[in-house]
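Participant: This one is start-v6.txt, compact mmCIF, C-alpha atoms.
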```
# COMPACT_ATOMS: atom_id res chain seq x y z
CA MET O 1 -28.30 51.20 -21.60
CA THR O 2 -27.53 52.86 -21.52
CA LEU O 3 -25.42 57.27 -22.25
CA ASN O 4 -27.81 55.16 -23.18
CA THR O 5 -28.69 57.02 -24.41
CA MET O 6 -28.67 62.77 -25.14
CA GLY O 7 -28.67 66.02 -27.03
CA ARG O 8 -25.71 67.36 -25.07
CA ARG O 9 -23.86 64.15 -25.87
CA ALA O 10 -24.24 64.93 -29.59
CA ALA O 11 -23.33 68.56 -29.12
CA LYS O 12 -20.24 67.77 -27.08
CA ALA O 13 -19.19 64.96 -29.41
CA SER O 14 -19.52 67.25 -32.42
CA ILE O 15 -17.12 69.86 -31.13
CA ALA O 16 -15.95 70.67 -34.66
CA SER O 17 -19.81 70.55 -36.75
CA MET O 18 -3.48 55.34 -13.53
CA LEU O 19 -2.59 52.42 -13.69
CA SER O 20 -4.16 50.58 -10.78
CA VAL O 21 -4.98 46.92 -10.17
CA ALA O 22 -8.48 46.36 -8.83
CA MET O 23 -8.55 44.76 -5.42
CA GLY O 24 -9.06 41.05 -5.59
CA LEU O 25 -8.24 40.72 -9.29
CA GLY O 26 -4.58 39.65 -9.31
CA LEU O 27 -1.92 40.51 -11.85
CA THR O 28 -2.60 37.58 -14.17
CA ALA O 29 -6.35 38.14 -14.45
CA CYS O 30 -6.14 40.12 -17.67
CA SER O 31 -4.54 37.16 -19.45
CA SER O 32 -7.79 35.18 -19.35
CA ASN O 33 -9.21 34.30 -22.75
CA HIS O 34 -12.80 34.29 -21.46
CA THR O 35 -14.59 37.17 -23.20
CA VAL O 36 -17.74 38.18 -21.33
CA ALA O 37 -18.78 40.86 -23.84
CA PHE O 38 -17.75 43.16 -26.65
CA LEU O 39 -17.59 46.92 -26.29
CA TYR O 40 -18.21 49.27 -29.22
CA ALA O 41 -17.46 53.00 -29.14
CA THR O 42 -18.41 55.48 -31.86
CA THR O 43 -16.17 58.43 -32.66
CA ALA O 44 -16.89 61.55 -34.69
CA LYS O 45 -13.44 62.85 -35.62
CA ASN O 46 -13.16 61.05 -38.94
CA ASN O 47 -15.39 61.34 -42.00
CA PRO O 48 -16.94 58.85 -42.11
CA GLY O 49 -16.94 58.21 -38.38
CA VAL O 50 -15.49 55.05 -36.94
CA ILE O 51 -16.38 52.36 -34.42
CA SER O 52 -13.70 51.01 -32.10
CA GLY O 53 -14.33 47.45 -30.94
CA TYR O 54 -12.95 45.69 -27.88
CA LYS O 55 -13.12 42.35 -26.09
CA ILE O 56 -14.03 42.57 -22.40
CA ASP O 57 -12.15 40.06 -20.26
CA PHE O 58 -14.44 38.30 -17.78
CA GLN O 59 -12.08 38.08 -14.82
CA ALA O 60 -10.66 41.59 -15.00
CA GLY O 61 -12.85 43.73 -17.27
CA HIS O 62 -9.71 44.57 -19.24
CA LEU O 63 -10.27 45.83 -22.80
CA SER O 64 -8.39 44.34 -25.76
CA GLN O 65 -8.97 46.03 -29.08
CA LEU O 66 -10.31 43.78 -31.84
CA ALA O 67 -7.90 42.97 -34.65
CA ASP O 68 -9.79 44.96 -37.31
CA SER O 69 -10.65 47.90 -35.06
CA PRO O 70 -11.57 50.64 -35.74
CA VAL O 71 -13.96 50.18 -38.64
CA PRO O 72 -15.96 52.82 -40.59
CA SER O 73 -19.32 53.60 -39.05
CA GLY O 74 -20.87 54.22 -42.45
CA GLY O 75 -21.78 57.87 -42.02
CA ARG O 76 -20.82 61.29 -40.71
CA ASN O 77 -20.81 62.08 -37.01
CA PRO O 78 -22.06 58.90 -35.31
CA VAL O 79 -23.59 60.08 -32.02
CA ALA O 80 -25.47 57.08 -30.62
CA LEU O 81 -25.68 53.32 -30.90
CA VAL O 82 -27.93 50.63 -29.51
CA ALA O 83 -27.72 46.83 -29.45
CA SER O 84 -30.55 44.43 -30.23
CA PRO O 85 -31.92 42.51 -27.21
CA ASP O 86 -30.61 39.24 -28.66
CA HIS O 87 -27.06 40.71 -28.87
CA ARG O 88 -26.69 39.94 -32.60
CA PHE O 89 -26.84 43.46 -34.09
CA ILE O 90 -26.00 47.08 -33.35
CA TYR O 91 -27.61 50.15 -34.89
CA VAL O 92 -25.55 53.34 -35.24
CA VAL O 93 -27.18 56.79 -35.51
CA HIS O 94 -25.41 59.40 -37.65
CA ARG O 95 -26.41 62.97 -36.91
CA ASP O 96 -25.02 64.77 -39.96
CA ASP O 97 -26.29 62.24 -42.52
CA SER O 98 -29.64 61.64 -40.76
CA THR O 99 -29.11 57.90 -41.15
CA VAL O 100 -29.01 54.64 -39.22
CA VAL O 101 -26.46 52.00 -40.21
CA TYR O 102 -26.91 48.51 -38.89
CA PHE O 103 -24.20 45.93 -38.30
CA ALA O 104 -24.22 42.20 -37.65
CA ILE O 105 -21.93 41.05 -34.83
CA GLY O 106 -19.71 38.05 -35.56
CA THR O 107 -18.93 35.42 -32.94
CA ASP O 108 -15.50 37.01 -32.62
CA GLY O 109 -17.00 40.48 -32.14
CA LYS O 110 -16.20 41.67 -35.64
CA LEU O 111 -18.78 44.03 -37.14
CA TYR O 112 -20.28 43.47 -40.58
CA ALA O 113 -22.02 46.49 -42.10
CA GLN O 114 -25.40 45.49 -43.56
CA HIS O 115 -27.43 48.47 -44.70
CA THR O 116 -28.03 52.21 -44.33
CA TYR O 117 -31.48 53.66 -43.62
CA ASN O 118 -32.72 57.25 -43.78
CA VAL O 119 -34.37 58.74 -40.71
CA THR O 120 -37.66 60.52 -41.48
CA GLY O 121 -36.38 63.81 -40.00
CA SER O 122 -33.02 65.54 -39.80
CA PHE O 123 -30.23 65.50 -37.20
CA PRO O 124 -31.10 62.37 -35.18
CA LEU O 125 -29.54 62.11 -31.73
CA SER O 126 -30.61 58.96 -29.90
CA ALA O 127 -32.17 55.52 -30.26
CA SER O 128 -33.86 52.80 -28.24
CA ILE O 129 -35.21 49.31 -29.00
CA ASP O 130 -38.24 47.82 -27.25
CA ALA O 131 -37.76 44.68 -25.15
CA THR O 132 -39.25 42.40 -27.80
CA GLY O 133 -36.72 43.64 -30.36
CA LYS O 134 -39.51 44.54 -32.79
CA PHE O 135 -39.08 48.33 -33.06
CA LEU O 136 -36.25 50.84 -33.21
CA TYR O 137 -37.17 54.35 -32.05
CA VAL O 138 -34.91 57.22 -33.20
CA THR O 139 -35.36 60.84 -32.11
CA PHE O 140 -34.61 63.56 -34.64
CA THR O 141 -34.24 67.30 -34.18
CA TYR O 142 -36.24 68.74 -37.09
CA GLN O 143 -39.30 67.61 -39.01
CA LYS O 144 -39.35 67.52 -42.80
CA GLY O 145 -42.09 68.60 -45.19
CA PRO O 146 -44.57 66.25 -46.91
CA ASN O 147 -42.21 65.80 -49.86
CA GLY O 148 -39.12 65.37 -47.73
CA GLU O 149 -38.09 69.00 -48.00
CA GLN O 150 -36.04 70.62 -45.22
CA LEU O 151 -38.47 72.75 -43.22
CA TYR O 152 -36.19 73.64 -40.33
CA THR O 153 -32.46 74.12 -39.78
CA PRO O 154 -30.23 75.28 -36.91
CA ALA O 155 -30.64 78.80 -38.32
CA ASN O 156 -34.44 78.35 -38.45
CA PRO O 157 -35.20 75.80 -35.71
CA GLY O 158 -38.50 74.01 -35.37
CA PRO O 159 -40.14 70.89 -33.95
CA GLY O 160 -38.74 67.37 -34.15
CA GLY O 161 -40.04 63.86 -33.79
CA VAL O 162 -39.45 60.13 -33.57
CA THR O 163 -38.81 57.74 -36.44
CA ILE O 164 -40.21 54.26 -35.81
CA PHE O 165 -38.49 51.43 -37.67
CA PRO O 166 -39.92 47.89 -37.56
CA ILE O 167 -37.13 45.36 -37.02
CA ASN O 168 -36.99 41.99 -38.76
CA SER O 169 -36.40 40.19 -35.48
CA CYS O 170 -36.70 36.47 -34.80
CA ALA O 171 -34.35 33.62 -34.00
CA THR O 172 -33.32 33.29 -37.65
CA CYS O 173 -34.04 36.83 -38.92
CA ASP O 174 -31.44 39.27 -40.14
CA GLY O 175 -32.22 42.36 -38.03
CA SER O 176 -32.96 44.53 -41.05
CA LEU O 177 -35.29 47.51 -40.76
CA GLY O 178 -38.63 47.92 -42.48
CA THR O 179 -40.46 50.98 -43.78
CA PRO O 180 -40.39 53.69 -41.10
CA THR O 181 -43.24 55.78 -39.73
CA THR O 182 -43.10 59.06 -37.85
CA THR O 183 -44.50 60.56 -34.66
CA ASN O 184 -44.10 64.33 -34.54
CA LEU O 185 -43.03 65.84 -31.26
CA GLY O 186 -42.07 69.13 -29.66
CA ARG O 187 -38.90 71.10 -30.12
CA ASN O 188 -35.42 69.61 -29.71
CA PRO O 189 -36.03 65.98 -28.62
CA VAL O 190 -32.73 64.53 -27.41
CA ALA O 191 -33.25 61.06 -25.92
CA VAL O 192 -35.71 58.16 -25.93
CA VAL O 193 -36.31 54.99 -23.95
CA ALA O 194 -38.73 52.14 -24.71
CA THR O 195 -39.74 50.41 -21.47
CA ASP O 196 -39.50 46.67 -21.04
CA LYS O 197 -43.15 46.08 -20.25
CA ASN O 198 -46.57 47.61 -20.91
CA HIS O 199 -45.38 49.10 -24.22
CA PHE O 200 -44.56 52.65 -23.11
CA VAL O 201 -42.06 54.97 -24.78
CA TYR O 202 -40.67 58.15 -23.19
CA VAL O 203 -38.85 61.04 -24.86
CA ILE O 204 -37.10 64.03 -23.32
CA SER O 205 -36.70 67.33 -25.14
CA GLN O 206 -34.75 70.52 -24.52
CA ASP O 207 -37.30 73.23 -25.28
CA SER O 208 -36.21 76.26 -23.27
CA ALA O 209 -39.75 77.66 -23.38
CA THR O 210 -41.06 75.04 -20.97
CA GLY O 211 -39.91 72.95 -18.02
CA ALA O 212 -42.29 70.17 -19.03
CA ASN O 213 -40.11 68.31 -21.51
CA LEU O 214 -40.80 64.68 -20.59
CA TYR O 215 -43.20 63.08 -23.08
CA GLY O 216 -44.84 59.69 -22.66
CA PHE O 217 -46.57 57.47 -25.21
CA SER O 218 -48.25 54.11 -25.37
CA ALA O 219 -46.79 52.00 -28.18
CA ASN O 220 -48.92 49.77 -30.38
CA PRO O 221 -47.39 46.28 -29.93
CA THR O 222 -48.15 45.40 -33.56
CA THR O 223 -47.14 48.55 -35.42
CA GLY O 224 -45.01 50.45 -32.88
CA ALA O 225 -47.15 53.56 -33.41
CA LEU O 226 -47.09 56.06 -30.54
CA THR O 227 -50.16 57.55 -28.84
CA PRO O 228 -49.65 60.37 -26.32
CA LEU O 229 -50.43 59.49 -22.71
CA PRO O 230 -53.01 61.47 -20.70
CA GLY O 231 -51.63 64.92 -19.91
CA ILE O 232 -49.50 65.15 -23.07
CA THR O 233 -50.26 67.77 -25.72
CA ILE O 234 -48.27 67.69 -28.96
CA ASN O 235 -48.76 71.00 -30.75
CA PRO O 236 -48.05 71.29 -34.48
CA GLY O 237 -45.65 73.89 -35.80
CA ASN O 238 -42.88 75.78 -34.11
CA VAL O 239 -44.54 76.21 -30.70
CA PRO O 240 -43.99 74.42 -27.38
CA SER O 241 -45.68 71.10 -26.72
CA VAL O 242 -46.75 70.15 -23.19
CA GLY O 243 -45.21 67.19 -21.37
CA PHE O 244 -44.53 66.20 -17.77
CA PRO O 245 -42.15 68.13 -15.46
CA SER O 246 -38.58 67.37 -16.51
CA GLY O 247 -36.18 69.87 -15.00
CA VAL O 248 -34.69 72.74 -16.98
CA THR O 249 -32.57 70.93 -19.59
CA PRO O 250 -33.09 67.15 -19.47
CA SER O 251 -30.20 65.29 -21.05
CA ALA O 252 -30.50 61.52 -20.45
CA ILE O 253 -33.24 59.07 -19.51
CA ILE O 254 -33.41 55.46 -18.35
CA GLU O 255 -35.91 53.05 -16.83
CA ASP O 256 -35.20 50.64 -13.99
CA PRO O 257 -35.32 46.85 -14.60
CA SER O 258 -38.85 46.62 -13.18
CA SER O 259 -40.11 49.30 -15.61
CA ASN O 260 -41.78 50.93 -12.59
CA HIS O 261 -39.48 53.96 -12.47
CA LEU O 262 -37.82 56.47 -14.78
CA TYR O 263 -34.70 58.52 -14.09
CA VAL O 264 -33.78 61.74 -15.90
CA THR O 265 -30.68 63.91 -15.65
CA ASP O 266 -30.99 67.70 -15.85
CA GLN O 267 -27.72 69.22 -17.06
CA ALA O 268 -28.73 72.83 -16.39
CA SER O 269 -29.53 72.40 -12.68
CA ASN O 270 -27.12 69.46 -12.16
CA GLN O 271 -29.76 67.11 -10.82
CA LEU O 272 -31.04 63.55 -11.14
CA LEU O 273 -34.83 63.16 -11.05
CA GLY O 274 -36.72 59.96 -10.22
CA TYR O 275 -40.28 59.14 -11.30
CA SER O 276 -42.78 56.40 -10.56
CA ILE O 277 -44.75 55.04 -13.52
CA ALA O 278 -48.50 54.54 -13.03
CA LEU O 279 -50.35 51.63 -14.61
CA ASN O 280 -51.48 53.94 -17.42
CA GLY O 281 -47.87 54.98 -18.05
CA VAL O 282 -48.07 58.48 -16.56
CA PRO O 283 -44.83 59.34 -14.69
CA SER O 284 -44.91 61.25 -11.39
CA LEU O 285 -41.96 62.79 -9.58
CA LEU O 286 -41.06 60.78 -6.50
CA ALA O 287 -41.08 62.36 -3.07
CA ASN O 288 -37.42 63.06 -2.27
CA GLY O 289 -36.71 61.96 -5.83
CA THR O 290 -34.47 64.88 -6.85
CA VAL O 291 -30.79 64.59 -5.93
CA PRO O 292 -27.67 66.53 -6.97
CA THR O 293 -25.11 65.49 -9.58
CA ASP O 294 -21.73 66.86 -10.51
CA THR O 295 -21.53 69.49 -13.28
CA ASP O 296 -23.23 68.83 -16.61
CA PRO O 297 -24.70 65.30 -16.31
CA VAL O 298 -25.19 63.80 -19.79
CA GLY O 299 -25.20 59.99 -19.49
CA ILE O 300 -26.91 57.44 -17.28
CA THR O 301 -26.95 53.68 -16.72
CA ILE O 302 -28.13 51.06 -14.20
CA ASP O 303 -25.88 48.09 -13.43
CA VAL O 304 -26.86 44.54 -14.35
CA THR O 305 -27.99 43.71 -10.80
CA GLY O 306 -30.44 46.62 -10.87
CA LYS O 307 -29.15 47.91 -7.53
CA PHE O 308 -27.00 50.84 -8.60
CA LEU O 309 -27.37 53.81 -10.93
CA PHE O 310 -24.44 55.75 -12.39
CA VAL O 311 -24.33 59.19 -14.03
CA VAL O 312 -21.45 60.67 -16.05
CA ASN O 313 -20.87 64.40 -15.80
CA TYR O 314 -19.29 66.03 -18.86
CA THR O 315 -17.84 69.17 -17.34
CA GLY O 316 -17.19 67.59 -13.96
CA GLY O 317 -15.32 64.70 -15.57
CA THR O 318 -16.76 62.27 -13.03
CA ILE O 319 -18.95 59.23 -12.48
CA GLY O 320 -21.60 59.67 -9.79
CA GLY O 321 -23.02 56.58 -8.09
CA TYR O 322 -26.49 56.18 -6.60
CA THR O 323 -28.51 53.55 -4.77
CA PHE O 324 -32.30 53.31 -4.52
CA GLY O 325 -34.66 53.99 -1.64
CA PRO O 326 -37.69 51.81 -0.78
CA ASN O 327 -39.91 53.72 -3.24
CA GLY O 328 -37.29 53.84 -5.99
CA GLU O 329 -35.98 57.29 -5.11
CA PRO O 330 -32.30 57.79 -6.05
CA ILE O 331 -29.87 58.21 -3.15
CA LEU O 332 -26.33 59.51 -3.56
CA SER O 333 -23.89 56.68 -2.87
CA THR O 334 -21.81 56.82 0.28
CA VAL O 335 -18.96 54.86 -1.39
CA ALA O 336 -19.05 56.02 -5.03
CA ALA O 337 -20.45 59.55 -4.97
CA SER O 338 -17.75 60.90 -7.29
CA THR O 339 -15.21 58.80 -9.20
CA GLN O 340 -12.85 60.28 -11.75
CA ALA O 341 -13.58 59.49 -15.39
CA GLY O 342 -11.67 60.86 -18.36
CA THR O 343 -12.02 64.42 -19.66
CA GLY O 344 -15.45 65.16 -21.08
CA PRO O 345 -17.27 61.84 -20.47
CA THR O 346 -20.25 61.55 -22.79
CA CYS O 347 -21.75 58.10 -22.31
CA VAL O 348 -21.75 55.24 -19.80
CA THR O 349 -22.60 51.55 -19.99
CA THR O 350 -22.38 48.49 -17.75
CA VAL O 351 -22.04 44.79 -18.44
CA GLY O 352 -21.77 41.66 -16.36
CA ALA O 353 -23.12 38.30 -15.34
CA PRO O 354 -24.63 38.56 -11.84
CA THR O 355 -25.71 34.89 -11.85
CA ASN O 356 -22.11 33.65 -11.85
CA THR O 357 -20.69 31.96 -8.77
CA ASP O 358 -18.59 35.03 -8.01
CA PRO O 359 -20.44 38.02 -9.52
CA SER O 360 -17.88 40.44 -8.08
CA GLN O 361 -15.54 39.42 -10.92
CA GLY O 362 -18.02 40.03 -13.72
CA ILE O 363 -19.65 43.46 -13.40
CA TYR O 364 -17.97 46.35 -15.19
CA LEU O 365 -18.66 49.98 -16.11
CA TYR O 366 -17.19 51.97 -19.00
CA THR O 367 -17.36 55.63 -20.03
CA SER O 368 -16.49 57.27 -23.36
CA ASN O 369 -14.35 60.38 -22.82
CA ALA O 370 -14.62 62.83 -25.71
CA LEU O 371 -11.85 65.23 -24.78
CA SER O 372 -9.24 62.72 -23.65
CA ASN O 373 -9.93 60.26 -26.49
CA SER O 374 -10.21 57.36 -24.10
CA ILE O 375 -12.46 54.83 -22.39
CA THR O 376 -12.48 54.58 -18.61
CA GLY O 377 -13.12 51.15 -17.09
CA GLN O 378 -14.31 50.45 -13.56
CA GLN O 379 -15.23 47.27 -11.70
CA VAL O 380 -18.59 47.53 -9.90
CA LEU O 381 -18.58 45.73 -6.56
CA PRO O 382 -22.09 44.29 -6.07
CA GLN O 383 -21.93 44.47 -2.28
CA ASP O 384 -22.19 48.26 -2.16
CA GLY O 385 -21.76 49.66 -5.69
CA SER O 386 -18.26 50.98 -5.07
CA LEU O 387 -15.97 51.31 -8.09
CA ARG O 388 -12.44 49.95 -8.56
CA GLN O 389 -10.37 51.05 -11.51
CA ILE O 390 -9.69 48.29 -14.04
CA PHE O 391 -6.09 47.38 -14.77
CA GLU O 392 -4.59 49.60 -17.49
CA SER O 393 -7.60 51.94 -17.59
CA PRO O 394 -8.06 54.37 -19.29
CA PHE O 395 -7.93 52.59 -22.63
CA ALA O 396 -7.11 54.29 -25.92
CA ALA O 397 -9.97 55.18 -28.27
CA ALA O 398 -10.19 56.94 -31.61
CA ALA O 399 -10.51 60.73 -31.47
CA LEU O 400 -13.66 62.29 -30.01
CA PRO O 401 -15.57 59.22 -28.77
CA THR O 402 -19.26 60.04 -28.65
CA CYS O 403 -20.92 57.00 -27.08
CA LEU O 404 -20.50 53.31 -26.38
CA VAL O 405 -22.41 50.10 -25.76
CA ALA O 406 -21.46 46.75 -24.26
CA VAL O 407 -22.89 43.65 -25.91
CA PRO O 408 -22.72 40.32 -24.01
CA THR O 409 -21.35 37.41 -25.97
CA ILE O 410 -23.88 34.86 -27.19
CA GLN O 411 -23.34 31.62 -25.26
```
What does the file become when written as structure tokens?
Facilitator:
Amino acid sequence: MTLNTMGRRAAKASIASMLSVAMGLGLTACSSNHTVAFLYATTAKNNPGVISGYKIDFQAGHLSQLADSPVPSGGRNPVALVASPDHRFIYVVHRDDSTVVYFAIGTDGKLYAQHTYNVTGSFPLSASIDATGKFLYVTFTYQKGPNGEQLYTPANPGPGGVTIFPINSCATCDGSLGTPTTTNLGRNPVAVVATDKNHFVYVISQDSATGANLYGFSANPTTGALTPLPGITINPGNVPSVGFPSGVTPSAIIEDPSSNHLYVTDQASNQLLGYSIALNGVPSLLANGTVPTDTDPVGITIDVTGKFLFVVNYTGGTIGGYTFGPNGEPILSTVAASTQAGTGPTCVTTVGAPTNTDPSQGIYLYTSNALSNSITGQQVLPQDGSLRQIFESPFAAAALPTCLVAVPTIQ
């Protein structure tokens, strides 16, 4: 999940508010009618924004736009989206409206808008759902007053927070959201991840007054409420809060499949940082856990096998590949250190089915490219994490794509 994911992503996406056949795929591969997943990309050019939808071909990773695509996103400036763990719904975050719109996914990939919900703060930027599918966590930039009044604005900035929505999630439930609650945070929170075990939630902020902008919380499994971990101090008002070391300007965050490690990109120092997670949830920087990226890293994902990590770099226009050391430390790939994406990549996601007989034909990576209005597709080779460009990539997208998510088909 992952760009997955980023304050810079929202800022870049709101700029106004090659043909090559992959080795081993064959020329007829893209004609297969086996759809392994659907890909959805939000774009901010229109008002309201739109969502472009695509089928992902299993054999080739080729994208075919859905018949009704694009569709309205239901709000202004969609900057992030996240899929439910059961692959039946997506939730789209709109920065300028401070709303979340949720959609049901049809068996043919078509999106059906269901409802719009107000975030409890203003200018939300990112979202994450816990592994059980019970809670949606949305970061917002500015807190509101007790009566919903606007306390802070870009001209008068202040602290932000996290809106916690309960999700009506069960085998026969509709994915709707319940009454939200709020956890106040420090200044300028930009991304959130809910880990897959032990009920921890982590948020990164971009408060220039401190280099400790990684915040960790334990999440109540019944209510979703967040309690700061040891070492975290959340100060009220427009003053810095105290988190864990995060780099200068953290921009994206992800956990590994084991939930034993976190990875954070720092777009100011062009670095990727790796952390181990203690039993009590406290993250610690790994020895040799800081490695370089290309310029302006803003998005991050881990492939479906859990063996490779990829970062997209907005200004560099590249995808950087990494493997993992014995303690989880990120290591710059020797075969995919820098692969060309489109211009201004903002978000990255992977999809695949590693349990298939031939997994090398089912693992794919996609980036949304804000400045070239396109989606780049790459095949991930599971032997070493190298990337092979998908036939006919890059694919056309609506103007100013902000983020994307791949949703496996329900078998």
Participant: Just want the 8 Å neighbourhood of Ile234 (chain O), counted on only C-alpha atoms, with same-chain residues fewer than 4 positions away dropped. Output as a PyMOL selection string.
Facilitator: chain O and resi 184-186+228+241-242
Participant: Identify which of the residues O:Gly342, O:Pro408, O:Gly148, O:Gly61 lies closest to Thr376 (chain O), counting all atoms listed in the file when measuring atom-to-atom distances.
Facilitator: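 Nearest to Thr376 (chain O): O:Gly342.
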Participant: Using only C-alpha atoms, which residue out of O:Phe308, O:Tyr202, O:Tyr275, O:Phe103 lies closest to Leu365 (chain O)?
Facilitator: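 Closest to Leu365 (chain O), using only C-alpha atoms: O:Phe308.
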Participant: Show which residues sit within 8 Å of region 107-110 of chain O, as a ChimeraX atom specification. Count only C-alpha atoms, and ignore same-chain residues fewer than 5 positions away.
Facilitator: /O:38,53-55,66,68,409-410
Participant: Okay, now the selection with C-alpha atoms, as a CSV table (one decimal), in the frame of the given file?
Facilitator:
```
chain,number,residue,atom,x,y,z
O,38,PHE,CA,-17.8,43.2,-26.6
O,53,GLY,CA,-14.3,47.4,-30.9
O,54,TYR,CA,-13.0,45.7,-27.9
O,55,LYS,CA,-13.1,42.4,-26.1
O,66,LEU,CA,-10.3,43.8,-31.8
O,68,ASP,CA,-9.8,45.0,-37.3
O,409,THR,CA,-21.4,37.4,-26.0
O,410,ILE,CA,-23.9,34.9,-27.2
```
Participant: Leaving out region 121-131 of chain O and any residue of its chain fewer than 5 positions from it, which residues lie within 6 Å of it when counting all atoms listed in the file, given as a list in words?
Facilitator: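 Skipping anything fewer than 5 positions along the chain leaves Ala80, Arg95, Asp96, Ser98, Leu136, Tyr137, Val138, Thr139, Phe140, Thr141, Tyr142, Gln143, Lys144, Val190, Ala191, Val193, Ala194 and Asp196 of chain O.
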Participant: Here is a test: counting all atoms listed in the file, which residue of O:Gly385, O:Ile390, O:Tyr364, O:Thr350 is nearest to Ala337 (chain O)?
Facilitator: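 Looking only at the distances to Ala337 (chain O), the closest residue turns out to be O:Gly385.
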Participant: Using only C-alpha atoms - which residues lie no farther than 10 Å from the point (-39.6, 57.7, -42.6) in the file's frame? Write them as a list in words.
Facilitator: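 The distance filter leaves exactly Tyr117, Asn118, Val119, Thr120, Gly121, Lys144, Gly148, Val162, Thr163, Ile164, Phe165, Gly178, Thr179, Pro180, Thr181, Thr182 and Thr183 of chain O.
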Participant: Of the candidates O:Thr301, O:Ser284, O:Ser386, O:Thr349, which one gets nearest to Ile254 (chain O) if we count all atoms listed in the file?
Facilitator: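 Result for the nearest residue to Ile254 (chain O): O:Thr301.
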Participant: Could you check which of O:Thr99, O:Thr43, O:Thr293, O:Asn260 is closest to Ala370 (chain O), using all atoms listed in the file?
Facilitator: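 Closest to Ala370 (chain O), using all atoms listed in the file: O:Thr43.
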Participant: Of the residues O:Thr305, O:Thr42, O:Gln267, O:Ser258, which is the one nearest to Gly328 (chain O), using all atoms listed in the file?
Facilitator: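 Nearest candidate to Gly328 (chain O) out of O:Thr305, O:Thr42, O:Gln267, O:Ser258: O:Ser258.
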Participant: Could you tell me how far CA of Asp296 (chain O) lies from CA of Ala268 (chain O), in Å and to one decimal?
Facilitator: 6.8 Å
Participant: May I ask for the distance between CA of Ile375 (chain O) and CA of Ala113 (chain O), given in Å to one decimal place?
Facilitator: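 Taking CA of Ile375 (chain O) as the start and CA of Ala113 (chain O) as the end point, the length is 23.4 Å.
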Participant: In file coordinates, which residues lie within 7 Å of (-40.0, 58.0, -24.3) using only C-alpha atoms, given as an MDAnalysis selection string?
Facilitator: chainID O and resid 192:194 201:204 215:217
Participant: To one decimal place in Å, what is the distance between CA of Phe135 (chain O) and CA of Gln114 (chain O)?
Facilitator: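 According to the coordinates, CA of Phe135 (chain O) and CA of Gln114 (chain O) are separated by 17.5 Å.
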